[in-house]
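Participant: Dropping the structure in here first, questions after.
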Amino acid sequence: MFDEKVKLVILLGAPGAGKGTQAERIAAKYNLKHLSTGDLLRAEIENSTELGKSAQAYMNVGKLVPDDVILKMVETYFSRHADCGILLDGFPRTIAQAEGLARFTVGRNILTLSIDVEADAVIERLSSRRSCKVCKKIYNLALPTYPPDERCECGGELYQRDDDKPETIRNRLAVYDAQTMPLIEFYRNQGFLHRIPGSGSPDDVWTKVQGAIG
Ligand code: AP5
Ligand code: MG
């Protein structure tokens, strides 16, 4: 059951499962700060920081950025938002990250959601994804909500992410199976995992997500 006391929602799911799409809605409805480690890393790349330069080499080939780098980034975010409810999108991704997270989230109530989608569907979704350069809103060429003028609702230009190339997508899916899937068992053992079938339209999935949150 999700109520005002719940302070931390963890959103798991393969690349392209729809984490970012649902995260935007969850954060708005339940008044949570949305922390996407992928978005933070892409901002570092855009700003040409040292962290961004080293992360880019991993991201371009679909590998995970090292745990210590990610944990430091997330811990800083938590220390800046100590009193806020937080929604995690794309973190944790390894057992080491989940153990690190547990060390600095003591006292928070945790709910974990996993959006489950078949590999074929995620490959299709990622190949036709477009994102806004300015506000980062997520679109898809195959959905009826795709803007005919190819501009975001904020007016920003849409672009295709560098890691949405077929070869990189395949690597990201293999990395997910090997390094992130074990988290399903990790959180199931802690008793607060909800698995959500990610098939159907974004609105269908949103109905299931709200049902799981309660
Ligand atoms: P990250 O940015 O987190 O990417 P990801 O996990 O690969 O997931 P995506 O953002 O690609 O997919 P999504 O599940 O958010 O789906 P979306 O909603 O966009 O990470 C990128 C890289 O950064 C990693 O590979 C790694 O290198 C690094 N990194 C990040 N975090 C890290 C960490 N913790 N540790 C180490 N390294 C890290 O939807 C996809 C498309 O489908 C969109 O076009 C959308 O419109 C569409 N769509 C959504 N829902 C539906 C639906 N129900 N039906 C049809 N289409 C749909
Ligand atoms: Mg995402």
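Within each chain, counting starts at residue 1; across the structure tokens, chains are named A, B, ... in the order shown, with ligands numbered 1 upward in that order.
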At a cut-off of 12 Å, can you tabulate as a tab-separated table every residue of segment 85-124 of chain A near segment 68-77 of chain A together with its closest atom pair and the distance in Å to one decimal, using only C-alpha atoms and ordering rows by chain then number?

Facilitator:
residue	atom	partner	partner_atom	distance
A:Gly85	CA	A:Tyr77	CA	12.0
A:Ile86	CA	A:Tyr77	CA	9.8
A:Leu87	CA	A:Tyr77	CA	11.7
A:Leu88	CA	A:Val74	CA	9.6
A:Asp89	CA	A:Val74	CA	11.4
A:Gly90	CA	A:Ile70	CA	10.8
A:Phe91	CA	A:Ile70	CA	8.6
A:Pro92	CA	A:Leu71	CA	8.9
A:Arg93	CA	A:Ile70	CA	9.9
A:Thr94	CA	A:Ile70	CA	10.7
A:Ile95	CA	A:Leu71	CA	11.9
A:Ala96	CA	A:Asp68	CA	9.1
A:Gln97	CA	A:Leu71	CA	6.6
A:Ala98	CA	A:Leu71	CA	9.4
A:Glu99	CA	A:Leu71	CA	10.0
A:Gly100	CA	A:Leu71	CA	6.8
A:Leu101	CA	A:Leu71	CA	7.5
A:Ala102	CA	A:Glu75	CA	10.8
A:Arg103	CA	A:Glu75	CA	9.7
A:Phe104	CA	A:Glu75	CA	7.1
A:Thr105	CA	A:Glu75	CA	9.3

Participant: Tell me, as a list in words, which residues lie within 7 Å of segment 109-117 of chain A, counting only C-alpha atoms; anything in the same chain fewer than 5 positions away does not count.

Facilitator: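 Near neighbours after the sequence-gap exclusion: Lys5, Val6, Lys7, Leu8, Val9, Ile10, Leu11, Leu12, Gly13, Ala17, Val122, Phe192, Leu193, His194, Arg195, Ile196, Pro197, Gly198 and Ser199 of chain A.
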
Participant: Emit the selected residues as a short mmCIF file (atom, residue, chain, number, x, y, z; two decimals), in the first residue's frame, including N, CA and C atoms.

Facilitator:
data_model
loop_
_atom_site.label_atom_id
_atom_site.label_comp_id
_atom_site.auth_asym_id
_atom_site.auth_seq_id
_atom_site.Cartn_x
_atom_site.Cartn_y
_atom_site.Cartn_z
N LYS A 5 3.52 8.05 3.78
CA LYS A 5 4.74 7.65 4.48
C LYS A 5 5.77 7.05 3.54
N VAL A 6 5.33 6.57 2.36
CA VAL A 6 6.28 5.94 1.45
C VAL A 6 7.19 6.99 0.86
N LYS A 7 8.47 6.80 1.01
CA LYS A 7 9.42 7.83 0.62
C LYS A 7 10.30 7.43 -0.57
N LEU A 8 10.26 6.16 -0.96
CA LEU A 8 11.16 5.74 -2.02
C LEU A 8 10.50 4.70 -2.91
N VAL A 9 10.37 5.03 -4.19
CA VAL A 9 9.84 4.08 -5.17
C VAL A 9 10.97 3.72 -6.13
N ILE A 10 11.21 2.42 -6.30
CA ILE A 10 12.26 1.94 -7.20
C ILE A 10 11.58 1.33 -8.42
N LEU A 11 11.94 1.84 -9.58
CA LEU A 11 11.33 1.37 -10.83
C LEU A 11 12.35 0.54 -11.60
N LEU A 12 12.10 -0.77 -11.68
CA LEU A 12 12.99 -1.67 -12.41
C LEU A 12 12.38 -1.99 -13.77
N GLY A 13 13.20 -2.49 -14.69
CA GLY A 13 12.69 -2.89 -16.00
C GLY A 13 13.80 -2.79 -17.02
N ALA A 17 11.59 -0.69 -21.48
CA ALA A 17 10.37 -1.26 -20.88
C ALA A 17 9.31 -0.20 -20.65
N VAL A 122 10.80 -4.49 -26.73
CA VAL A 122 11.66 -3.37 -26.32
C VAL A 122 12.58 -2.93 -27.47
N PHE A 192 8.87 -6.53 -1.01
CA PHE A 192 8.11 -5.38 -1.51
C PHE A 192 8.27 -5.17 -3.01
N LEU A 193 8.14 -6.27 -3.75
CA LEU A 193 8.25 -6.18 -5.21
C LEU A 193 6.89 -6.40 -5.86
N HIS A 194 6.51 -5.48 -6.78
CA HIS A 194 5.31 -5.67 -7.60
C HIS A 194 5.77 -5.84 -9.03
N ARG A 195 5.33 -6.90 -9.71
CA ARG A 195 5.68 -7.08 -11.13
C ARG A 195 4.49 -6.65 -11.98
N ILE A 196 4.78 -5.81 -12.98
CA ILE A 196 3.71 -5.23 -13.79
C ILE A 196 3.93 -5.61 -15.26
N PRO A 197 2.98 -6.30 -15.88
CA PRO A 197 3.13 -6.59 -17.31
C PRO A 197 3.15 -5.27 -18.09
N GLY A 198 4.21 -5.06 -18.88
CA GLY A 198 4.39 -3.78 -19.57
C GLY A 198 3.82 -3.77 -20.98
N SER A 199 3.02 -4.81 -21.33
CA SER A 199 2.42 -4.82 -22.67
C SER A 199 1.20 -3.90 -22.67
#

Participant: Can you tell me, as a PyMOL selection string, what residues are no more than 6 Å from Asn140 of chain A when counting only C-alpha atoms, ignoring any on the same chain fewer than 2 positions away?

Facilitator: chain A and resi 128-130+142-143+146

Participant: Save out the residues we just selected, N, CA, C and O atoms, as a PDB file, in the first residue's frame.

Facilitator:
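Final output, saved to again_30.pdb:
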ATOM      1  N   SER A 128      12.304   3.173 -32.260  1.00  0.00           N
ATOM      2  CA  SER A 128      11.449   4.278 -32.719  1.00  0.00           C
ATOM      3  C   SER A 128      11.249   5.355 -31.640  1.00  0.00           C
ATOM      4  O   SER A 128      10.359   6.178 -31.741  1.00  0.00           O
ATOM      5  N   ARG A 129      12.094   5.337 -30.618  1.00  0.00           N
ATOM      6  CA  ARG A 129      11.985   6.368 -29.566  1.00  0.00           C
ATOM      7  C   ARG A 129      12.603   7.685 -30.036  1.00  0.00           C
ATOM      8  O   ARG A 129      13.618   7.714 -30.720  1.00  0.00           O
ATOM      9  N   ARG A 130      11.998   8.773 -29.650  1.00  0.00           N
ATOM     10  CA  ARG A 130      12.585  10.110 -29.807  1.00  0.00           C
ATOM     11  C   ARG A 130      12.406  10.838 -28.475  1.00  0.00           C
ATOM     12  O   ARG A 130      11.406  10.636 -27.798  1.00  0.00           O
ATOM     13  N   ALA A 142       5.853   5.319 -33.286  1.00  0.00           N
ATOM     14  CA  ALA A 142       4.754   4.381 -33.543  1.00  0.00           C
ATOM     15  C   ALA A 142       3.499   4.673 -32.717  1.00  0.00           C
ATOM     16  O   ALA A 142       2.490   3.993 -32.882  1.00  0.00           O
ATOM     17  N   LEU A 143       3.576   5.669 -31.825  1.00  0.00           N
ATOM     18  CA  LEU A 143       2.405   5.956 -30.980  1.00  0.00           C
ATOM     19  C   LEU A 143       1.602   7.128 -31.548  1.00  0.00           C
ATOM     20  O   LEU A 143       2.182   8.049 -32.144  1.00  0.00           O
ATOM     21  N   TYR A 146       2.633  10.867 -31.124  1.00  0.00           N
ATOM     22  CA  TYR A 146       3.840  11.456 -31.736  1.00  0.00           C
ATOM     23  C   TYR A 146       3.467  12.751 -32.470  1.00  0.00           C
ATOM     24  O   TYR A 146       2.548  12.761 -33.298  1.00  0.00           O
TER      25      TYR A 146
END

Participant: So that I can check the surroundings of Asn171 of chain A, please list as a VMD selection string every protein, DNA and RNA residue that reaches within 9 Å of it, counting only C-alpha atoms and ignoring chain neighbours fewer than 6 positions away.

Facilitator: chain A and resid 61 to 63

Participant: DSSP on the backbone, then: every residue of chain A marked alpha helix (DSSP H), written as a short mmCIF file (atom, residue, chain, number, x, y, z; two decimals) with N, CA, C and O atoms, in the first residue's frame.

Facilitator:
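Ended up saving to part.cif:
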data_model
loop_
_atom_site.label_atom_id
_atom_site.label_comp_id
_atom_site.auth_asym_id
_atom_site.auth_seq_id
_atom_site.Cartn_x
_atom_site.Cartn_y
_atom_site.Cartn_z
N LYS A 19 10.17 2.65 -18.38
CA LYS A 19 10.41 3.23 -17.05
C LYS A 19 10.24 4.75 -17.06
O LYS A 19 9.53 5.31 -16.24
N GLY A 20 10.91 5.39 -18.02
CA GLY A 20 10.85 6.86 -18.09
C GLY A 20 9.44 7.36 -18.35
O GLY A 20 8.99 8.34 -17.75
N THR A 21 8.71 6.65 -19.21
CA THR A 21 7.34 7.03 -19.57
C THR A 21 6.44 6.98 -18.33
O THR A 21 5.67 7.90 -18.06
N GLN A 22 6.54 5.89 -17.57
CA GLN A 22 5.69 5.76 -16.37
C GLN A 22 6.21 6.64 -15.25
O GLN A 22 5.42 7.16 -14.46
N ALA A 23 7.54 6.83 -15.18
CA ALA A 23 8.12 7.62 -14.09
C ALA A 23 7.58 9.05 -14.10
O ALA A 23 7.29 9.62 -13.05
N GLU A 24 7.43 9.60 -15.31
CA GLU A 24 6.93 10.97 -15.42
C GLU A 24 5.54 11.08 -14.76
O GLU A 24 5.25 12.01 -14.02
N ARG A 25 4.71 10.06 -15.01
CA ARG A 25 3.34 10.08 -14.46
C ARG A 25 3.34 9.81 -12.95
O ARG A 25 2.60 10.45 -12.20
N ILE A 26 4.16 8.84 -12.53
CA ILE A 26 4.20 8.49 -11.10
C ILE A 26 4.67 9.70 -10.28
O ILE A 26 4.08 10.07 -9.26
N ALA A 27 5.75 10.33 -10.76
CA ALA A 27 6.32 11.46 -10.01
C ALA A 27 5.30 12.58 -9.88
O ALA A 27 5.15 13.18 -8.81
N ALA A 28 4.54 12.85 -10.97
CA ALA A 28 3.56 13.93 -10.93
C ALA A 28 2.41 13.59 -9.99
O ALA A 28 2.02 14.39 -9.15
N LYS A 29 1.88 12.37 -10.11
CA LYS A 29 0.70 12.03 -9.30
C LYS A 29 1.02 11.90 -7.81
O LYS A 29 0.23 12.30 -6.96
N TYR A 30 2.19 11.30 -7.50
CA TYR A 30 2.49 11.03 -6.09
C TYR A 30 3.50 12.01 -5.48
O TYR A 30 4.02 11.78 -4.40
N THR A 37 19.13 8.00 -13.40
CA THR A 37 20.60 8.06 -13.49
C THR A 37 21.03 8.23 -14.95
O THR A 37 22.02 8.90 -15.23
N GLY A 38 20.26 7.65 -15.88
CA GLY A 38 20.59 7.83 -17.31
C GLY A 38 20.51 9.31 -17.69
O GLY A 38 21.40 9.84 -18.37
N ASP A 39 19.45 10.00 -17.24
CA ASP A 39 19.31 11.44 -17.55
C ASP A 39 20.44 12.25 -16.91
O ASP A 39 20.98 13.17 -17.53
N LEU A 40 20.79 11.89 -15.67
CA LEU A 40 21.90 12.62 -15.01
C LEU A 40 23.19 12.45 -15.80
O LEU A 40 23.94 13.41 -16.01
N LEU A 41 23.44 11.21 -16.25
CA LEU A 41 24.68 10.96 -16.99
C LEU A 41 24.67 11.70 -18.33
O LEU A 41 25.69 12.26 -18.75
N ARG A 42 23.50 11.71 -19.01
CA ARG A 42 23.43 12.42 -20.30
C ARG A 42 23.63 13.92 -20.10
O ARG A 42 24.25 14.59 -20.94
N ALA A 43 23.19 14.46 -18.94
CA ALA A 43 23.42 15.88 -18.66
C ALA A 43 24.92 16.14 -18.47
O ALA A 43 25.46 17.16 -18.92
N GLU A 44 25.61 15.20 -17.81
CA GLU A 44 27.08 15.35 -17.62
C GLU A 44 27.78 15.33 -18.97
O GLU A 44 28.73 16.08 -19.20
N ILE A 45 27.29 14.48 -19.88
CA ILE A 45 27.90 14.41 -21.22
C ILE A 45 27.68 15.73 -21.96
O ILE A 45 28.60 16.29 -22.55
N GLU A 46 26.44 16.21 -21.89
CA GLU A 46 26.11 17.48 -22.57
C GLU A 46 26.99 18.63 -22.07
O GLU A 46 27.39 19.51 -22.82
N GLU A 50 34.18 15.90 -16.70
CA GLU A 50 35.07 14.73 -16.66
C GLU A 50 34.24 13.46 -16.47
O GLU A 50 34.47 12.45 -17.14
N LEU A 51 33.24 13.53 -15.55
CA LEU A 51 32.38 12.38 -15.31
C LEU A 51 31.67 11.98 -16.61
O LEU A 51 31.60 10.82 -16.99
N GLY A 52 31.15 12.99 -17.32
CA GLY A 52 30.44 12.74 -18.57
C GLY A 52 31.34 12.07 -19.60
O GLY A 52 30.93 11.12 -20.27
N LYS A 53 32.58 12.57 -19.70
CA LYS A 53 33.50 12.00 -20.71
C LYS A 53 33.79 10.53 -20.41
O LYS A 53 33.82 9.69 -21.31
N SER A 54 33.99 10.20 -19.12
CA SER A 54 34.30 8.80 -18.83
C SER A 54 33.04 7.93 -18.95
O SER A 54 33.11 6.79 -19.41
N ALA A 55 31.86 8.47 -18.58
CA ALA A 55 30.62 7.69 -18.67
C ALA A 55 30.26 7.39 -20.13
O ALA A 55 29.76 6.31 -20.45
N GLN A 56 30.54 8.33 -21.01
CA GLN A 56 30.13 8.19 -22.41
C GLN A 56 30.71 6.93 -23.06
O GLN A 56 30.06 6.25 -23.84
N ALA A 57 31.96 6.61 -22.69
CA ALA A 57 32.62 5.44 -23.28
C ALA A 57 31.85 4.17 -22.94
O ALA A 57 31.74 3.26 -23.77
N TYR A 58 31.31 4.08 -21.74
CA TYR A 58 30.52 2.91 -21.34
C TYR A 58 29.15 2.93 -22.01
O TYR A 58 28.67 1.93 -22.54
N MET A 59 28.51 4.09 -21.97
CA MET A 59 27.12 4.20 -22.48
C MET A 59 27.05 3.93 -23.98
O MET A 59 26.11 3.30 -24.46
N ASN A 60 28.04 4.40 -24.72
CA ASN A 60 28.03 4.22 -26.18
C ASN A 60 28.03 2.77 -26.60
O ASN A 60 27.58 2.43 -27.69
N ASP A 67 30.02 1.07 -10.66
CA ASP A 67 29.16 1.25 -9.48
C ASP A 67 29.58 2.43 -8.60
O ASP A 67 28.73 3.18 -8.11
N ASP A 68 30.90 2.59 -8.37
CA ASP A 68 31.33 3.64 -7.43
C ASP A 68 30.96 5.03 -7.96
O ASP A 68 30.55 5.91 -7.20
N VAL A 69 31.06 5.21 -9.27
CA VAL A 69 30.71 6.51 -9.88
C VAL A 69 29.22 6.79 -9.69
O VAL A 69 28.80 7.88 -9.28
N ILE A 70 28.41 5.77 -9.96
CA ILE A 70 26.95 5.93 -9.88
C ILE A 70 26.52 6.15 -8.43
O ILE A 70 25.70 7.03 -8.13
N LEU A 71 27.08 5.37 -7.53
CA LEU A 71 26.67 5.48 -6.12
C LEU A 71 26.99 6.86 -5.56
O LEU A 71 26.20 7.43 -4.82
N LYS A 72 28.13 7.41 -5.95
CA LYS A 72 28.51 8.75 -5.47
C LYS A 72 27.49 9.78 -5.97
O LYS A 72 27.04 10.66 -5.22
N MET A 73 27.13 9.65 -7.25
CA MET A 73 26.18 10.58 -7.86
C MET A 73 24.81 10.50 -7.15
O MET A 73 24.21 11.52 -6.82
N VAL A 74 24.35 9.27 -6.90
CA VAL A 74 23.03 9.09 -6.28
C VAL A 74 23.05 9.54 -4.82
O VAL A 74 22.11 10.17 -4.34
N GLU A 75 24.14 9.25 -4.14
CA GLU A 75 24.22 9.64 -2.72
C GLU A 75 24.16 11.17 -2.60
O GLU A 75 23.50 11.71 -1.72
N THR A 76 24.84 11.86 -3.52
CA THR A 76 24.80 13.33 -3.51
C THR A 76 23.37 13.81 -3.71
O THR A 76 22.89 14.71 -3.02
N TYR A 77 22.66 13.16 -4.64
CA TYR A 77 21.26 13.55 -4.91
C TYR A 77 20.41 13.36 -3.65
O TYR A 77 19.63 14.22 -3.27
N PHE A 78 20.59 12.21 -2.97
CA PHE A 78 19.81 11.95 -1.76
C PHE A 78 20.13 12.96 -0.67
O PHE A 78 19.25 13.39 0.06
N SER A 79 21.40 13.34 -0.55
CA SER A 79 21.73 14.28 0.53
C SER A 79 21.11 15.65 0.25
O SER A 79 20.76 16.38 1.16
N ARG A 80 20.93 15.98 -1.04
CA ARG A 80 20.30 17.26 -1.38
C ARG A 80 18.78 17.22 -1.27
O ARG A 80 18.13 18.24 -1.27
N ILE A 95 23.59 -5.65 -7.93
CA ILE A 95 23.42 -5.95 -6.50
C ILE A 95 24.26 -4.97 -5.67
O ILE A 95 23.80 -4.46 -4.65
N ALA A 96 25.46 -4.66 -6.14
CA ALA A 96 26.33 -3.73 -5.38
C ALA A 96 25.64 -2.36 -5.24
O ALA A 96 25.71 -1.73 -4.19
N GLN A 97 24.96 -1.91 -6.29
CA GLN A 97 24.25 -0.62 -6.21
C GLN A 97 23.09 -0.71 -5.22
O GLN A 97 22.82 0.21 -4.45
N ALA A 98 22.36 -1.85 -5.24
CA ALA A 98 21.22 -2.01 -4.32
C ALA A 98 21.72 -2.02 -2.88
O ALA A 98 21.09 -1.43 -1.99
N GLU A 99 22.86 -2.66 -2.64
CA GLU A 99 23.40 -2.69 -1.28
C GLU A 99 23.87 -1.31 -0.86
O GLU A 99 23.68 -0.89 0.27
N GLY A 100 24.48 -0.59 -1.80
CA GLY A 100 24.92 0.78 -1.51
C GLY A 100 23.73 1.67 -1.21
O GLY A 100 23.73 2.43 -0.24
N LEU A 101 22.68 1.54 -1.99
CA LEU A 101 21.46 2.33 -1.79
C LEU A 101 20.88 2.09 -0.39
O LEU A 101 20.50 3.03 0.31
N ALA A 102 20.87 0.83 0.01
CA ALA A 102 20.29 0.48 1.32
C ALA A 102 21.02 1.21 2.45
O ALA A 102 20.41 1.57 3.45
N ARG A 103 22.31 1.49 2.25
CA ARG A 103 23.08 2.15 3.32
C ARG A 103 22.66 3.60 3.52
O ARG A 103 22.73 4.10 4.62
N ALA A 119 11.68 -9.07 -24.97
CA ALA A 119 12.82 -8.43 -25.66
C ALA A 119 12.45 -7.87 -27.04
O ALA A 119 12.86 -6.77 -27.40
N ASP A 120 11.62 -8.61 -27.81
CA ASP A 120 11.26 -8.15 -29.16
C ASP A 120 10.56 -6.79 -29.10
O ASP A 120 10.80 -5.90 -29.92
N ALA A 121 9.67 -6.65 -28.12
CA ALA A 121 8.91 -5.39 -27.99
C ALA A 121 9.83 -4.24 -27.60
O ALA A 121 9.68 -3.12 -28.12
N VAL A 122 10.80 -4.49 -26.73
CA VAL A 122 11.66 -3.37 -26.32
C VAL A 122 12.58 -2.93 -27.47
O VAL A 122 12.84 -1.74 -27.63
N ILE A 123 13.00 -3.88 -28.28
CA ILE A 123 13.85 -3.50 -29.41
C ILE A 123 13.07 -2.57 -30.35
O ILE A 123 13.57 -1.54 -30.80
N GLU A 124 11.82 -2.94 -30.58
CA GLU A 124 10.95 -2.11 -31.44
C GLU A 124 10.74 -0.72 -30.84
O GLU A 124 10.86 0.30 -31.51
N ARG A 125 10.45 -0.71 -29.53
CA ARG A 125 10.19 0.58 -28.87
C ARG A 125 11.41 1.48 -28.89
O ARG A 125 11.30 2.69 -29.13
N LEU A 126 12.59 0.89 -28.65
CA LEU A 126 13.79 1.73 -28.59
C LEU A 126 14.19 2.25 -29.95
O LEU A 126 14.68 3.38 -30.08
N SER A 127 13.96 1.43 -30.99
CA SER A 127 14.36 1.85 -32.34
C SER A 127 13.52 3.04 -32.80
O SER A 127 13.97 3.81 -33.65
N PRO A 166 20.83 -0.54 -33.10
CA PRO A 166 20.54 -1.97 -32.88
C PRO A 166 21.63 -2.71 -32.10
O PRO A 166 21.34 -3.45 -31.16
N GLU A 167 22.90 -2.50 -32.46
CA GLU A 167 23.99 -3.23 -31.82
C GLU A 167 24.06 -2.89 -30.31
O GLU A 167 24.20 -3.76 -29.45
N THR A 168 23.94 -1.60 -30.02
CA THR A 168 24.02 -1.15 -28.62
C THR A 168 22.80 -1.62 -27.83
O THR A 168 22.91 -2.00 -26.67
N ILE A 169 21.64 -1.62 -28.49
CA ILE A 169 20.42 -2.11 -27.81
C ILE A 169 20.63 -3.56 -27.39
O ILE A 169 20.33 -3.95 -26.25
N ARG A 170 21.18 -4.37 -28.31
CA ARG A 170 21.42 -5.79 -27.98
C ARG A 170 22.33 -5.92 -26.77
O ARG A 170 22.10 -6.72 -25.87
N ASN A 171 23.41 -5.12 -26.75
CA ASN A 171 24.34 -5.17 -25.61
C ASN A 171 23.64 -4.76 -24.32
O ASN A 171 23.85 -5.37 -23.27
N ARG A 172 22.81 -3.72 -24.39
CA ARG A 172 22.13 -3.24 -23.17
C ARG A 172 21.20 -4.33 -22.63
O ARG A 172 21.10 -4.51 -21.41
N LEU A 173 20.54 -5.05 -23.54
CA LEU A 173 19.63 -6.11 -23.08
C LEU A 173 20.41 -7.26 -22.43
O LEU A 173 19.99 -7.81 -21.41
N ALA A 174 21.58 -7.59 -23.00
CA ALA A 174 22.40 -8.66 -22.43
C ALA A 174 22.92 -8.25 -21.05
O ALA A 174 22.92 -9.04 -20.10
N VAL A 175 23.32 -6.99 -20.95
CA VAL A 175 23.80 -6.47 -19.66
C VAL A 175 22.66 -6.50 -18.63
O VAL A 175 22.85 -6.86 -17.47
N PRO A 182 19.09 -10.04 -11.52
CA PRO A 182 19.18 -10.57 -10.14
C PRO A 182 18.52 -9.68 -9.09
O PRO A 182 18.18 -10.14 -8.00
N LEU A 183 18.27 -8.41 -9.44
CA LEU A 183 17.62 -7.51 -8.47
C LEU A 183 16.17 -7.89 -8.23
O LEU A 183 15.60 -7.57 -7.18
N ILE A 184 15.55 -8.56 -9.19
CA ILE A 184 14.15 -9.00 -9.03
C ILE A 184 14.08 -9.91 -7.80
O ILE A 184 13.23 -9.75 -6.93
N GLU A 185 15.01 -10.88 -7.76
CA GLU A 185 15.07 -11.82 -6.64
C GLU A 185 15.43 -11.09 -5.34
O GLU A 185 14.85 -11.32 -4.28
N PHE A 186 16.39 -10.16 -5.47
CA PHE A 186 16.86 -9.38 -4.31
C PHE A 186 15.70 -8.67 -3.63
O PHE A 186 15.52 -8.75 -2.42
N TYR A 187 14.86 -7.97 -4.43
CA TYR A 187 13.76 -7.21 -3.83
C TYR A 187 12.57 -8.11 -3.50
O TYR A 187 11.84 -7.85 -2.55
N ARG A 188 12.41 -9.20 -4.26
CA ARG A 188 11.32 -10.12 -3.91
C ARG A 188 11.57 -10.70 -2.51
O ARG A 188 10.67 -10.80 -1.69
N ASN A 189 12.84 -11.03 -2.25
CA ASN A 189 13.18 -11.59 -0.94
C ASN A 189 12.92 -10.60 0.20
O ASN A 189 12.73 -10.98 1.33
N GLN A 190 12.93 -9.30 -0.14
CA GLN A 190 12.66 -8.30 0.89
C GLN A 190 11.16 -8.03 1.04
O GLN A 190 10.75 -7.27 1.92
N PRO A 202 0.80 2.90 -23.27
CA PRO A 202 1.26 3.57 -22.04
C PRO A 202 0.11 3.81 -21.04
O PRO A 202 0.32 3.68 -19.84
N ASP A 203 -1.09 4.12 -21.54
CA ASP A 203 -2.23 4.33 -20.63
C ASP A 203 -2.62 3.02 -19.92
O ASP A 203 -2.95 3.02 -18.74
N ASP A 204 -2.59 1.90 -20.68
CA ASP A 204 -2.90 0.59 -20.06
C ASP A 204 -1.91 0.29 -18.93
O ASP A 204 -2.30 -0.17 -17.86
N VAL A 205 -0.63 0.53 -19.22
CA VAL A 205 0.40 0.23 -18.21
C VAL A 205 0.22 1.15 -17.00
O VAL A 205 0.34 0.73 -15.85
N TRP A 206 -0.12 2.39 -17.26
CA TRP A 206 -0.32 3.37 -16.19
C TRP A 206 -1.45 2.91 -15.25
O TRP A 206 -1.35 3.03 -14.03
N THR A 207 -2.53 2.34 -15.83
CA THR A 207 -3.62 1.82 -14.99
C THR A 207 -3.09 0.71 -14.06
O THR A 207 -3.39 0.68 -12.87
N LYS A 208 -2.23 -0.16 -14.64
CA LYS A 208 -1.69 -1.27 -13.83
C LYS A 208 -0.74 -0.74 -12.75
O LYS A 208 -0.72 -1.24 -11.63
N VAL A 209 0.03 0.28 -13.11
CA VAL A 209 0.99 0.86 -12.14
C VAL A 209 0.22 1.45 -10.96
O VAL A 209 0.55 1.20 -9.79
N GLN A 210 -0.85 2.20 -11.25
CA GLN A 210 -1.62 2.81 -10.16
C GLN A 210 -2.29 1.73 -9.30
O GLN A 210 -2.36 1.87 -8.08
N GLY A 211 -2.69 0.64 -9.97
CA GLY A 211 -3.30 -0.47 -9.22
C GLY A 211 -2.29 -1.09 -8.25
O GLY A 211 -2.61 -1.43 -7.12
N ALA A 212 -1.03 -1.20 -8.70
CA ALA A 212 0.01 -1.79 -7.85
C ALA A 212 0.37 -0.86 -6.70
O ALA A 212 0.62 -1.30 -5.58
N ILE A 213 0.38 0.44 -6.99
CA ILE A 213 0.74 1.39 -5.93
C ILE A 213 -0.39 1.47 -4.90
O ILE A 213 -0.15 1.58 -3.70
#

Participant: Enumerate as an MDAnalysis selection string all residues of segment 3-208 of chain A assigned to strand (DSSP E or B) by DSSP on the backbone, naming them with the chain letters and numbers the document uses.

Facilitator: chainID A and resid 6:13 33:36 86:89 109:116 129:132 138:140 151 157:159 193:197

Participant: Atom 42 (O, counted along the ligand's line) of ligand 1 to atom CA of Cys84 of chain A: how many Å, to one decimal?

Facilitator: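 Calculated distance between atom 42 (O, counted along the ligand's line) of ligand 1 and atom CA of Cys84 of chain A is 28.0 Å.
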
Participant: Work out how far atom CA of Arg108 of chain A is from atom 40 (C, counted along the ligand's line) of ligand 1, in Å to one decimal.

Facilitator: 28.8 Å
